[in-house]
file work_4.cif (mmCIF, C-alpha atoms)
data_structure
loop_
_atom_site.label_atom_id
_atom_site.label_comp_id
_atom_site.auth_asym_id
_atom_site.auth_seq_id
_atom_site.Cartn_x
_atom_site.Cartn_y
_atom_site.Cartn_z
CA MET E 1219 39.29 40.01 -85.15
CA LEU E 1220 38.82 37.23 -87.70
CA ASP E 1221 39.81 33.62 -87.35
CA TYR E 1222 40.43 31.31 -90.24
CA SER E 1223 41.84 27.88 -90.61
CA CYS E 1224 43.92 26.52 -93.39
CA LYS E 1225 43.15 22.94 -94.18
CA CYS E 1226 45.73 21.25 -96.27
CA LEU E 1227 45.98 17.71 -97.50
CA GLN E 1228 48.42 15.19 -96.07
CA GLY E 1229 46.62 15.44 -92.76
CA GLN E 1230 47.78 18.99 -92.23
CA SER E 1231 45.25 21.16 -90.54
CA LYS E 1232 46.28 24.74 -90.05
CA SER E 1233 44.20 27.52 -88.68
CA LEU E 1234 44.73 31.13 -89.34
CA LYS E 1235 44.03 34.17 -87.25
CA GLU E 1236 43.95 37.86 -87.98
CA ASN E 1237 44.56 40.39 -85.29
CA TYR E 1238 45.71 43.99 -84.98
CA ILE E 1239 44.42 44.59 -88.47
CA GLY E 1240 42.86 47.68 -89.98
CA TYR E 1241 40.00 47.28 -92.40
CA ARG E 1242 42.22 47.78 -95.45
CA THR E 1243 44.63 45.01 -94.49
CA GLY E 1244 41.75 42.79 -93.35
CA ALA E 1245 40.01 43.21 -96.70
CA ALA E 1246 43.24 42.43 -98.55
CA PHE E 1247 43.90 39.23 -96.62
CA SER E 1248 40.25 38.18 -96.95
CA GLY E 1249 40.41 38.72 -100.71
CA SER E 1250 43.65 36.77 -101.02
CA ILE E 1251 42.31 33.90 -98.93
CA TYR E 1252 39.36 33.74 -101.32
CA ASP E 1253 41.69 33.88 -104.34
CA TRP E 1254 43.86 31.06 -103.06
CA ASN E 1255 40.80 28.98 -102.16
CA ILE E 1256 39.33 29.15 -105.66
CA ALA E 1257 42.72 28.48 -107.25
CA GLY E 1258 42.07 24.75 -107.19
CA THR E 1259 44.99 23.65 -105.04
CA PRO E 1260 44.83 21.09 -102.24
CA ALA E 1261 45.72 23.83 -99.76
CA ASP E 1262 42.71 25.86 -98.70
CA PHE E 1263 42.20 28.47 -96.04
CA GLU E 1264 39.09 28.06 -93.98
CA TYR E 1265 37.38 29.95 -91.20
CA SER E 1266 37.99 28.59 -87.74
CA ALA E 1267 37.66 29.99 -84.25
CA SER E 1268 40.50 28.24 -82.50
CA ASP E 1269 43.78 26.36 -82.70
CA TYR E 1270 45.27 28.53 -85.40
CA THR E 1271 48.74 27.98 -86.78
CA VAL E 1272 48.85 30.97 -89.09
CA TYR E 1273 48.65 34.44 -87.65
CA LEU E 1274 47.95 37.55 -89.72
CA TYR E 1275 48.73 41.00 -88.49
CA GLU E 1276 49.66 44.50 -89.53
CA VAL E 1277 52.61 46.73 -88.74
CA PHE E 1278 53.38 50.39 -89.30
CA ARG E 1279 57.10 50.65 -90.07
CA ASP E 1280 58.64 53.57 -91.89
CA ASP E 1281 62.15 52.26 -91.17
CA VAL E 1282 62.07 49.37 -93.67
CA ALA E 1283 61.82 48.87 -97.43
CA TRP E 1284 59.40 45.94 -97.29
CA ASP E 1285 55.61 46.08 -97.54
CA GLY E 1286 54.92 42.53 -96.40
CA MET E 1287 56.67 39.87 -94.37
CA THR E 1288 56.18 36.21 -93.56
CA GLU E 1289 57.95 34.21 -90.91
CA ARG E 1290 57.37 30.48 -91.07
CA THR E 1291 58.56 27.75 -88.78
CA LEU E 1292 59.21 24.52 -90.61
CA SER E 1293 59.50 21.03 -89.30
CA CYS E 1294 61.91 19.22 -91.56
CA TRP E 1295 62.83 15.58 -91.82
CA TRP E 1296 62.38 13.87 -95.16
CA TRP E 1297 60.38 16.91 -96.25
CA CYS E 1298 59.46 20.20 -94.67
CA LYS E 1299 56.04 21.26 -93.50
CA VAL E 1300 54.90 24.52 -91.98
CA VAL E 1301 54.04 24.10 -88.32
CA TYR E 1302 53.50 27.79 -87.65
CA ALA E 1303 53.51 30.99 -89.66
CA LYS E 1304 53.03 34.70 -89.16
CA ALA E 1305 52.34 37.07 -92.03
CA CYS E 1306 51.91 40.81 -92.00
CA LEU E 1307 51.40 43.80 -94.22
CA ASN E 1308 53.30 47.01 -93.59
CA ALA E 1309 50.52 49.58 -93.64
CA VAL E 1310 52.97 52.46 -94.06
CA TYR E 1311 53.16 51.30 -97.67
CA THR E 1312 49.98 49.29 -98.20
CA ASP E 1313 47.56 51.91 -96.87
CA ASP E 1314 48.51 53.98 -99.91
CA TYR E 1315 47.84 51.08 -102.27
CA GLY E 1316 44.51 50.34 -103.88
CA LEU E 1317 42.76 47.10 -102.89
CA ASN E 1318 44.16 45.04 -105.77
CA GLN E 1319 47.70 46.18 -105.07
CA ARG E 1320 47.29 45.36 -101.37
CA GLU E 1321 45.98 41.94 -102.38
CA SER E 1322 49.06 41.52 -104.50
CA VAL E 1323 51.10 41.78 -101.29
CA SER E 1324 48.79 39.76 -99.01
CA GLY E 1325 48.44 37.01 -101.64
CA HIS E 1326 52.22 36.94 -101.98
CA GLU E 1327 52.63 36.51 -98.21
CA LEU E 1328 50.03 33.74 -98.12
CA GLY E 1329 52.06 32.06 -100.85
CA HIS E 1330 55.02 32.10 -98.46
CA VAL E 1331 52.77 30.60 -95.78
CA LEU E 1332 52.20 27.76 -98.25
CA GLN E 1333 55.98 27.39 -98.62
CA LEU E 1334 56.38 29.05 -102.00
CA GLY E 1335 59.66 30.89 -102.51
CA GLU E 1336 60.53 34.17 -104.18
CA MET E 1337 60.43 34.61 -107.95
CA ASP E 1338 62.37 36.99 -110.16
CA TRP E 1339 61.47 40.56 -111.05
CA GLY E 1340 60.61 39.43 -114.58
CA ASP E 1341 58.17 36.68 -113.64
CA PRO E 1342 54.49 37.65 -114.03
CA VAL E 1343 53.47 35.65 -110.97
CA LEU E 1344 52.19 36.34 -107.47
CA MET E 1345 55.49 35.20 -105.95
CA ASN E 1346 57.45 37.90 -107.79
CA GLN E 1347 59.18 39.55 -104.86
CA TYR E 1348 58.83 43.20 -105.94
CA THR E 1349 55.45 44.87 -105.63
CA ASN E 1350 56.08 47.47 -108.32
CA TRP E 1351 57.04 44.74 -110.81
CA ARG E 1352 54.46 42.20 -109.65
CA PHE E 1353 51.54 44.57 -109.61
CA GLY E 1354 52.70 47.83 -111.16
CA TYR E 1355 54.22 46.24 -114.24
CA TRP E 1356 52.61 42.81 -114.52
CA GLY E 1357 49.25 43.62 -112.88
CA VAL E 1358 49.29 40.42 -110.85
CA PHE E 1359 47.30 40.23 -107.62
CA THR E 1360 45.87 36.70 -107.72
CA PRO E 1361 47.62 33.30 -107.91
CA GLN E 1362 48.88 32.58 -111.43
CA GLN E 1363 49.34 29.16 -113.00
CA ASP E 1364 52.97 28.91 -111.92
CA ASP E 1365 52.03 29.77 -108.30
CA ILE E 1366 49.25 27.18 -108.41
CA ASP E 1367 51.59 24.57 -109.90
CA GLY E 1368 54.02 25.25 -107.06
CA VAL E 1369 51.42 24.59 -104.39
CA ASN E 1370 50.13 21.53 -106.22
CA TYR E 1371 53.68 20.20 -106.37
CA LEU E 1372 54.18 20.75 -102.64
CA TYR E 1373 50.80 19.52 -101.44
CA GLY E 1374 49.42 17.41 -104.26
CA MET Q 1211 51.85 -19.31 -83.92
CA LYS Q 1212 53.53 -18.02 -80.77
CA VAL Q 1213 56.69 -17.27 -82.77
CA ARG Q 1214 54.67 -15.25 -85.26
CA VAL Q 1215 53.01 -13.23 -82.52
CA VAL Q 1216 56.37 -12.54 -80.89
CA MET Q 1217 57.81 -11.48 -84.28
CA ILE Q 1218 54.90 -9.14 -84.96
CA ILE Q 1219 55.16 -7.59 -81.50
CA THR Q 1220 58.92 -7.18 -81.94
CA MET Q 1221 58.50 -5.54 -85.34
CA ALA Q 1222 55.78 -3.26 -84.04
CA SER Q 1223 58.00 -2.24 -81.13
CA CYS Q 1224 60.89 -1.53 -83.47
CA LEU Q 1225 58.63 0.58 -85.70
CA ALA Q 1226 57.36 2.52 -82.69
CA ILE Q 1227 60.93 3.17 -81.53
CA LEU Q 1228 61.97 4.24 -85.03
CA CYS Q 1229 58.98 6.55 -85.35
CA SER Q 1230 59.59 8.20 -82.00
CA ALA Q 1231 63.28 8.57 -82.85
CA SER Q 1232 62.44 10.14 -86.19
CA MET Q 1233 60.03 12.56 -84.52
CA SER Q 1234 62.71 13.70 -82.14
CA MET Q 1235 65.15 14.07 -85.05
CA GLN Q 1236 62.88 16.60 -86.75
CA ASP Q 1237 64.50 20.02 -86.91
CA LEU Q 1238 62.53 23.20 -86.53
CA THR Q 1239 63.81 25.95 -88.76
CA THR Q 1240 62.54 29.47 -89.23
CA GLU Q 1241 62.51 31.31 -92.55
CA VAL Q 1242 61.69 34.95 -93.15
CA ASP Q 1243 60.67 36.28 -96.55
CA VAL Q 1244 59.51 39.75 -97.49
CA SER Q 1245 57.88 41.53 -100.37
CA TRP Q 1246 60.00 44.54 -101.37
CA ALA Q 1247 57.84 47.58 -102.00
CA LYS Q 1248 60.03 48.60 -104.90
CA GLY Q 1249 62.26 46.79 -107.33
CA TYR Q 1250 64.88 48.98 -108.98
CA ALA Q 1251 65.80 48.69 -112.63
CA GLY Q 1252 69.29 50.12 -112.45
CA ILE Q 1253 71.83 52.31 -110.70
CA GLU Q 1254 70.19 55.49 -112.01
CA ASP Q 1255 66.91 54.40 -110.51
CA LEU Q 1256 68.56 53.76 -107.12
CA SER Q 1257 70.58 56.98 -107.24
CA ALA Q 1258 67.53 59.10 -107.93
CA GLU Q 1259 65.79 57.85 -104.78
CA SER Q 1260 68.80 57.85 -102.46
CA ASP Q 1261 69.21 60.47 -99.78
CA LEU Q 1262 72.76 59.32 -99.28
CA ILE Q 1263 75.10 57.17 -101.35
CA ALA Q 1264 78.11 56.28 -99.26
CA VAL Q 1265 81.25 54.19 -99.55
CA GLY Q 1266 82.50 52.80 -96.29
CA THR Q 1267 82.92 50.00 -93.80
CA VAL Q 1268 80.58 48.36 -91.31
CA LYS Q 1269 82.23 49.08 -87.97
CA LYS Q 1270 80.08 47.54 -85.26
CA ILE Q 1271 76.63 46.67 -84.03
CA VAL Q 1272 75.26 49.62 -82.13
CA GLU Q 1273 71.98 48.17 -80.99
CA VAL Q 1274 69.63 45.22 -81.41
CA THR Q 1275 66.01 46.09 -80.76
CA ASP Q 1276 63.03 43.83 -80.34
CA ASP Q 1277 59.69 45.46 -80.98
CA VAL Q 1278 56.57 43.73 -79.77
CA VAL Q 1279 54.00 44.25 -82.52
CA GLY Q 1280 51.24 41.97 -81.28
CA GLU Q 1281 50.51 38.78 -79.49
CA ASP Q 1282 49.50 35.39 -80.78
CA ARG Q 1283 48.81 32.12 -79.02
CA ARG Q 1284 52.53 31.51 -78.68
CA GLY Q 1285 53.12 34.82 -76.93
CA PRO Q 1286 54.37 38.19 -78.07
CA ILE Q 1287 55.12 38.73 -81.75
CA ILE Q 1288 58.53 40.32 -81.92
CA LEU Q 1289 60.21 42.02 -84.85
CA TYR Q 1290 63.97 42.28 -84.49
CA PHE Q 1291 66.11 45.09 -85.87
CA THR Q 1292 69.83 45.66 -85.85
CA ASP Q 1293 71.54 49.04 -86.05
CA PHE Q 1294 75.06 49.09 -87.45
CA ALA Q 1295 77.62 51.88 -87.29
CA PHE Q 1296 78.82 52.51 -90.83
CA SER Q 1297 82.05 54.43 -91.16
CA VAL Q 1298 81.82 56.64 -94.25
CA GLU Q 1299 84.94 57.02 -96.37
CA ARG Q 1300 83.34 58.88 -99.25
CA VAL Q 1301 79.95 60.42 -99.96
CA LEU Q 1302 78.82 60.12 -103.57
CA LYS Q 1303 75.46 61.76 -103.00
CA GLY Q 1304 74.14 63.61 -99.98
CA PRO Q 1305 75.61 65.83 -97.31
CA GLN Q 1306 79.39 65.91 -97.57
CA GLY Q 1307 81.35 65.66 -94.36
CA ILE Q 1308 79.38 62.76 -92.90
CA ARG Q 1309 81.80 60.43 -91.12
CA GLU Q 1310 79.46 57.85 -89.64
CA VAL Q 1311 75.82 56.87 -90.04
CA ILE Q 1312 73.53 54.30 -88.51
CA ILE Q 1313 72.28 51.59 -90.86
CA HIS Q 1314 69.05 49.98 -89.73
CA GLN Q 1315 68.26 46.44 -90.87
CA THR Q 1316 65.42 44.03 -90.17
CA GLY Q 1317 66.56 40.98 -88.24
CA ALA Q 1318 68.99 40.01 -85.52
CA ALA Q 1319 71.86 37.56 -85.63
CA GLY Q 1320 70.85 34.12 -84.39
CA ARG Q 1321 67.17 35.06 -84.19
CA GLU Q 1322 65.75 35.94 -87.56
CA GLU Q 1323 67.11 37.20 -90.81
CA ILE Q 1324 65.44 37.95 -94.12
CA ARG Q 1325 66.57 35.22 -96.49
CA ASP Q 1326 67.48 37.51 -99.37
CA ASP Q 1327 68.73 40.37 -97.20
CA PRO Q 1328 71.23 38.90 -94.75
CA LEU Q 1329 72.53 41.11 -92.00
CA LEU Q 1330 75.60 43.21 -92.63
CA GLU Q 1331 78.78 41.94 -91.07
CA CYS Q 1332 81.41 43.95 -89.26
CA GLY Q 1333 84.27 44.63 -91.64
CA ASP Q 1334 82.08 44.57 -94.76
CA LYS Q 1335 83.20 47.25 -97.21
CA CYS Q 1336 80.23 48.50 -99.17
CA VAL Q 1337 78.68 51.08 -101.41
CA LEU Q 1338 75.23 51.72 -99.95
CA PHE Q 1339 72.23 53.51 -101.44
CA LEU Q 1340 70.37 54.83 -98.43
CA HIS Q 1341 67.11 56.40 -97.36
CA GLU Q 1342 67.12 58.58 -94.25
CA TYR Q 1343 64.04 57.71 -92.19
CA GLU Q 1344 65.16 59.61 -89.10
CA THR Q 1345 67.96 62.12 -88.64
CA GLY Q 1346 71.24 60.23 -88.94
CA LYS Q 1347 69.49 56.87 -89.38
CA TYR Q 1348 69.19 55.12 -92.70
CA TYR Q 1349 67.90 51.94 -94.24
CA ILE Q 1350 69.21 50.44 -97.46
CA LEU Q 1351 66.96 51.09 -100.45
CA GLY Q 1352 65.27 47.90 -101.61
CA GLY Q 1353 67.16 45.64 -99.18
CA PRO Q 1354 69.75 43.72 -101.19
CA GLN Q 1355 69.26 45.98 -104.21
CA GLY Q 1356 70.91 49.03 -102.69
CA ARG Q 1357 73.89 47.16 -101.31
CA PHE Q 1358 77.12 46.57 -103.20
CA GLN Q 1359 80.03 44.81 -101.59
CA ILE Q 1360 83.67 45.71 -102.21
CA ILE Q 1361 86.03 42.75 -102.18
CA ASP Q 1362 89.70 43.23 -103.11
CA ASN Q 1363 88.89 46.56 -104.73
CA GLU Q 1364 86.20 45.00 -106.92
CA VAL Q 1365 82.47 45.62 -106.58
CA PHE Q 1366 79.79 42.93 -106.49
CA SER Q 1367 76.00 43.23 -106.31
CA MET Q 1368 74.36 40.97 -103.74
CA ASN Q 1369 73.10 38.47 -106.33
CA ASN Q 1370 76.76 37.66 -106.95
CA ILE Q 1371 77.50 37.38 -103.23
CA LEU Q 1372 74.61 34.98 -102.62
CA PRO Q 1373 73.82 33.44 -106.02
CA GLY Q 1374 70.67 31.38 -106.13
CA ILE Q 1375 69.23 33.19 -103.12
CA ILE Q 1376 69.15 36.77 -104.32
CA SER Q 1377 67.93 37.74 -107.76
CA LEU Q 1378 68.11 41.30 -109.00
CA HIS Q 1379 67.14 43.18 -112.11
CA PRO Q 1380 69.95 42.83 -114.70
CA GLY Q 1381 70.42 46.60 -114.46
CA LEU Q 1382 71.82 46.11 -110.96
CA ASP Q 1383 74.03 43.13 -111.79
CA VAL Q 1384 77.63 44.05 -110.96
CA LYS Q 1385 80.28 41.36 -110.88
CA GLY Q 1386 83.88 42.20 -110.15
CA MET Q 1387 83.84 45.73 -111.52
CA GLU Q 1388 86.84 47.85 -110.55
CA LYS Q 1389 85.85 50.00 -107.58
CA ALA Q 1390 86.95 53.22 -109.27
CA ASP Q 1391 84.93 52.40 -112.40
CA PHE Q 1392 81.85 51.56 -110.35
CA LEU Q 1393 82.04 54.77 -108.32
CA GLU Q 1394 82.47 56.73 -111.52
CA SER Q 1395 79.38 55.12 -113.00
CA VAL Q 1396 77.40 55.92 -109.85
CA ILE Q 1397 78.49 59.55 -109.95
CA ALA Q 1398 77.56 59.71 -113.63
CA SER Q 1399 74.14 58.28 -112.82
CA ILE Q 1400 73.52 61.02 -110.25
CA GLY Q 1401 74.20 63.70 -112.80
CA SER Q 1402 72.03 62.13 -115.47
#
call {"tool": "encode", "arguments": {"input": "work_4.cif", "output": "structure tokens"}}
result
Amino acid sequence: MLDYSCKCLQGQSKSLKENYIGYRTGAAFSGSIYDWNIAGTPADFEYSASDYTVYLYEVFRDDVAWDGMTERTLSCWWWCKVVYAKACLNAVYTDDYGLNQRESVSGHELGHVLQLGEMDWGDPVLMNQYTNWRFGYWGVFTPQQDDIDGVNYLYG
Amino acid sequence: MKVRVVMIITMASCLAILCSASMSMQDLTTEVDVSWAKGYAGIEDLSAESDLIAVGTVKKIVEVTDDVVGEDRRGPIILYFTDFAFSVERVLKGPQGIREVIIHQTGAAGREEIRDDPLLECGDKCVLFLHEYETGKYYILGGPQGRFQIIDNEVFSMNNILPGIISLHPGLDVKGMEKADFLESVIASIGS
């Protein structure tokens, strides 16, 4: 079990926890956390042992067409901020992926944690919502400039 | 001086009341997004991977299941699924003679729903491209990609049902095509 925290600007302090995770999914999330942290945005993920607001886990579902999912609870007034989020990889798919392809999914889900939305099949960005286009066609598994601009816009 | 102090205290009180009111006015909303394992480039692509392509109507909700997949500090982590009975009027690909199948979707009404793959609704007439994951049970290929709605005998892909929320490859973009023409094109794609 690994605990992280996500420290964001604007006084937001999120923590992030991984549980029920196999080594493949754990390595993918760890890699994506590193990728987001070096992307130069105000939103960083950081190790923490307690008080997490982001929970990472893994499922094994052969009854769905998705390989990753994020559920985020937003508190909205003048603007919305994430108060809690859960992100998972579906190991039925991702266990057959190589590390970079798995990171393409885990990085995408962490983008959702940071409130980024879905992008089109033709966009060579991490938030492209189809793994075979995002990674298979465009080879993207780390945050691209457009992803980074999105986070900077939201948190900068 | 006293007047100033009273004014400051009054203003501070008002601010405190406003702040507490605004805090209580905050709405908590939940959003669910997924990464689709596969994006399809066209009908041929979908057809090739489908175990069953069926035209029919969503009849009723058969079951809503909640699977506990873990536990976080807020309690159990639950994934919701809804099974729909889909009455089959015509099979375009797959075993002929099927009259009803179960369509399995992630989410449950009023609890959580994938933003770009909203739950089916009873009465929806659709052409569905399906994968059989268990005997008699299917999920729609690629979520919104394998789902085409029939409205007044015309067929629409989901990006035209929920524009701005769902984006699909142009090869799947269908807007108001005559049902007969669409079915013909699907059948042609199976043979190709």
call {"tool": "residues_around", "arguments": {"input": "work_4.cif", "residues": "Ile1239 in chain E", "least_positions_apart": "6", "cutoff": "9 Å", "atoms": "only C-alpha atoms", "output": "PyMOL selection string"}}
result
chain E and resi 1219+1274-1277
call {"tool": "residues_around", "arguments": {"input": "work_4.cif", "residues": "Leu1338 in chain Q", "least_positions_apart": "6", "cutoff": "9 Å", "atoms": "only C-alpha atoms", "output": "VMD selection string"}}
result
chain Q and resid 1262 to 1266 1350 to 1351 1356 to 1359
call {"tool": "interface_residues", "arguments": {"input": "work_4.cif", "of": "chain E", "to": "chain Q", "cutoff": "9 Å", "atoms": "all atoms listed in the file", "output": "PyMOL selection string"}}
result
chain E and resi 1235+1237-1238+1269-1271+1273+1275-1277+1280-1296+1301+1304+1311-1312+1323+1326-1327+1330+1335-1340+1345-1351
call {"tool": "residues_around", "arguments": {"input": "work_4.cif", "residues": "Ser1395 in chain Q", "least_positions_apart": "6", "cutoff": "10 Å", "atoms": "all atoms listed in the file", "output": "ChimeraX atom specification"}}
result
/Q:1253-1254,1389
call {"tool": "atom_distance", "arguments": {"input": "work_4.cif", "atom1": "CA of Asp1262 in chain E", "atom2": "CA of Ser1324 in chain E"}}
result
15.2 Å
call {"tool": "resolve_selection", "arguments": {"input": "work_4.cif", "expression": "the PyMOL selection byres ((chain Q and resi 1398) around 12)", "output": "list of chain:residue names"}}
result
Q:Ile1253, Q:Glu1254, Q:Ser1257, Q:Ala1258, Q:Leu1302, Q:Lys1303, Q:Asp1391, Q:Phe1392, Q:Leu1393, Q:Glu1394, Q:Ser1395, Q:Val1396, Q:Ile1397, Q:Ser1399, Q:Ile1400, Q:Gly1401, Q:Ser1402
call {"tool": "residues_around", "arguments": {"input": "work_4.cif", "residues": "Glu1331 in chain Q", "least_positions_apart": "3", "cutoff": "12 Å", "atoms": "all atoms listed in the file", "output": "list in words"}}
result
Thr1267, Val1268, Lys1269, Lys1270, Ile1271, Thr1292, Asp1293, Phe1294, Ala1295, Phe1296, Ile1313, Gln1315, Ala1318, Ala1319, Asp1327, Pro1328, Asp1334, Lys1335, Cys1336 and Gln1359 of chain Q
call {"tool": "resolve_selection", "arguments": {"input": "work_4.cif", "expression": "the PyMOL selection byres ((chain E and resi 1374) around 9)", "output": "VMD selection string"}}
result
chain E and resid 1227 to 1228 1259 to 1261 1369 to 1373
call {"tool": "atom_distance", "arguments": {"input": "work_4.cif", "atom1": "CA of Glu1364 in chain Q", "atom2": "CA of Asp1383 in chain Q"}}
result
13.2 Å
call {"tool": "decode", "arguments": {"input": "work_4.cif", "residues": "range 1294-1316 of chain Q", "atoms": "C-alpha atoms", "output": "PDB file, in the first residue's frame"}}
result
ATOM      1  CA  PHE Q1294     -31.324  -3.878 -19.245  1.00  0.00           C
ATOM      2  CA  ALA Q1295     -33.607  -6.265 -21.115  1.00  0.00           C
ATOM      3  CA  PHE Q1296     -33.244  -5.507 -24.807  1.00  0.00           C
ATOM      4  CA  SER Q1297     -35.971  -6.840 -27.040  1.00  0.00           C
ATOM      5  CA  VAL Q1298     -34.417  -7.867 -30.361  1.00  0.00           C
ATOM      6  CA  GLU Q1299     -36.386  -7.159 -33.521  1.00  0.00           C
ATOM      7  CA  ARG Q1300     -33.675  -8.067 -35.997  1.00  0.00           C
ATOM      8  CA  VAL Q1301     -30.229  -9.619 -35.815  1.00  0.00           C
ATOM      9  CA  LEU Q1302     -27.747  -8.216 -38.319  1.00  0.00           C
ATOM     10  CA  LYS Q1303     -24.830 -10.301 -37.105  1.00  0.00           C
ATOM     11  CA  GLY Q1304     -24.764 -13.208 -34.698  1.00  0.00           C
ATOM     12  CA  PRO Q1305     -27.081 -16.046 -33.801  1.00  0.00           C
ATOM     13  CA  GLN Q1306     -30.429 -15.622 -35.531  1.00  0.00           C
ATOM     14  CA  GLY Q1307     -33.530 -16.292 -33.494  1.00  0.00           C
ATOM     15  CA  ILE Q1308     -32.454 -14.295 -30.447  1.00  0.00           C
ATOM     16  CA  ARG Q1309     -35.484 -12.484 -29.059  1.00  0.00           C
ATOM     17  CA  GLU Q1310     -34.068 -10.832 -25.962  1.00  0.00           C
ATOM     18  CA  VAL Q1311     -30.623 -10.162 -24.520  1.00  0.00           C
ATOM     19  CA  ILE Q1312     -29.264  -8.535 -21.402  1.00  0.00           C
ATOM     20  CA  ILE Q1313     -27.298  -5.329 -21.933  1.00  0.00           C
ATOM     21  CA  HIS Q1314     -24.875  -4.562 -19.131  1.00  0.00           C
ATOM     22  CA  GLN Q1315     -23.859  -0.958 -18.522  1.00  0.00           C
ATOM     23  CA  THR Q1316     -21.651   0.748 -15.949  1.00  0.00           C
TER      24      THR Q1316
END
